[in-house]
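As structure tokens, the structure follows; a few thoughts come after it.
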Amino acid sequence: MATLMMPNLLNFSNILPLAELEVGHHFYWHLGGLSLHGQVFLTSWFVIGILLIASVLAGRDRTMIPAGLQNFMEYVLEFIRDLAKNQLGEKEYRPWVPFIGTLFLFIFVSNWSGALLPWKVIQLPEGELAAPTGDINTTVALALLTSLAYFYAGFRKRGLGYFAKYIEPTPILLPIAILEDFTKPLSLSFRLFGNILADELVVAVLVLLVPLFVPVPVMMLGLFTSAIQALVFATLAGAYIHEALEGHGEEDH
Amino acid sequence: MFDFDATLPLMAIQFLLLVVVLDKVFYKPFGKTLDDRSEYVRSKRLGSQERLDQSKKMAEQYEAELAETRKRAQSIVATAQSEAQKLASAQMAEAQQEAQGQREAVQGEIDQQKRSAMATLDGQVDQLSNQILEKLLSTAR
Amino acid sequence: MDPIVSAASVLAAALAIGLAAIGPGIGQGNASGQAVAGIARQPEAEGKIRGTLLLTLAFMESLTIYGLVIALVLLFANPFA
């Protein structure tokens, strides 16, 4: 349905075979009666593979004095710990490091793989390979997991008393409090999805117009935004979990 | 573009699996390494602090001992000096006294010789004057 | 697709992204100006101010991105087409 709306751009793309603008085309896999977006899974497996290989390679023989890859991965872990500590506080942050850290790493590596790797060289029967975070399914999955995580955090910490936060200052705010639980994952997922897709579209449009050199600064900006978005997602997940742990905390969008 | 399908739950499951696996291969071991290292550094720093204190204390002790030794040495030097001084002055006084005695003895001898010489001279003078007198008397007569 | 619907969709998409850029633009300008003033007043706090500024700019930027998402929905996944 996308191709109908943008005939001019697609005509351009006939002249330049490497620069194509495809939105909404997917490489469908069928699993039983379910349909899957194959290209998303392919790139996400690539990302997961990078993460696992890096951790396994760096963790093979850890020494007291780190060097090379181990040093880098330790830097990464310290960065993640600082992030979680800043959001959750010194006492609570440890059990949440894996979740928040994996959110950050997965999103970050996904975004950068989409921005740095020439996925489009690999031809698929339909659709094209791109960052997994540029697909709404991925971002909504991550955002819903974040919602589940903060509900779980609130429940485990305070049991049913967690629901008191809905009527804590006054019961009048109950609808807004409930609405917040829906807007949180919505804004999280749309922010990430929109940023990544917008990056890819801007770069693709610029490549359509001027194929060489001109898109490079925009690509740089895209790299920067991608990194910041990964940070924002992880930071907000931490902030939501902290809010659930603390109860009637400050609001943060 | 907004077609949700089975990708969503599968991606969520896949992500949770990634969390679990990364926890096994990344967060736990590397976190342990980091904690071990900070613990190691902390204990080492504590130990070195202790050792530093100890060495400082030891240095102070040595310093005190050194000062005491120096003082003692100074006093020994002072007593030795004064003793030597005393000895020297005593010897000097003795020598002087001896010299004085010798000189006095010599002087006494000289005096005696002088006196005996005088006495002899007196005798001779008397004899001579007698002879002169006799001669004079003899001539006068 | 009905030409009226497509014309309205394209216009709406343009308006969505354009209008959604106004507020965050003003907000980002304010935030950046305040950050510069803060850095001028306290140059030693530059690193902290810059980090916070980037994070807040990303939050404001996401408001425009919501508009962009709406525009993209209208263009590529129009429910009325």
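Within each chain, counting starts at residue 1; across the structure tokens, chains are named A, B, ... in the order shown, with ligands numbered 1 upward in that order.
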Distance filter 10 Å, only C-alpha atoms, chain C against chain A, as a list in words: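 The answer, sorted by residue number, is Met1, Ser6, Val10, Leu54, Leu55, Thr56, Leu57, Ala58, Phe59, Met60, Glu61, Ser62, Leu63, Thr64, Ile65, Tyr66, Gly67, Leu68, Val69, Ile70, Leu72, Val73, Leu74, Leu75, Phe76, Ala77, Asn78 and Ala81 of chain C.
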List every residue of chain A that has an atom at most 7 Å from any atom of chain B, giving for each one its closest atom pair and the distance in Å to one decimal, counting only C-alpha atoms, sorted by chain and then by ascending residue number, as a tab-separated table.
```
residue	atom	partner	partner_atom	distance
A:Val23	CA	B:Met1	CA	6.6
A:Gly24	CA	B:Met1	CA	4.2
A:Leu34	CA	B:Ala6	CA	6.0
A:Ser35	CA	B:Ala6	CA	6.1
A:Leu36	CA	B:Thr7	CA	5.0
A:His37	CA	B:Thr7	CA	6.1
A:Leu52	CA	B:Leu22	CA	7.0
A:Ser55	CA	B:Phe26	CA	5.5
A:Val56	CA	B:Val25	CA	6.4
A:Met64	CA	B:Arg37	CA	6.6
A:Glu74	CA	B:Phe30	CA	6.6
A:Pro98	CA	B:Asp23	CA	5.8
A:Phe99	CA	B:Val19	CA	6.1
A:Thr102	CA	B:Val19	CA	5.9
A:Ile136	CA	B:Phe2	CA	6.5
A:Asn137	CA	B:Leu8	CA	4.7
A:Thr138	CA	B:Leu8	CA	6.1
A:Ala141	CA	B:Ala12	CA	5.1
A:Leu142	CA	B:Ala12	CA	6.5
A:Leu145	CA	B:Ala12	CA	7.0
```
Atom-to-atom span, CA of Leu144 in chain A and CA of Ser189 in chain A, Å: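 Atom-to-atom, CA of Leu144 in chain A to CA of Ser189 in chain A, that is 8.5 Å.
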Nearest candidate to Phe72 in chain A (options A:Val47, A:Ala54, A:Val205, A:Ala115; using only C-alpha atoms):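 When distances to Phe72 in chain A are compared using only C-alpha atoms, the smallest one comes from A:Ala54.
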Nearest candidate to Phe41 in chain A (options A:Pro95, A:Pro171, A:Pro132, A:Gly114; using only C-alpha atoms):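 Among the listed residues, the smallest separation from Phe41 in chain A belongs to A:Pro132.
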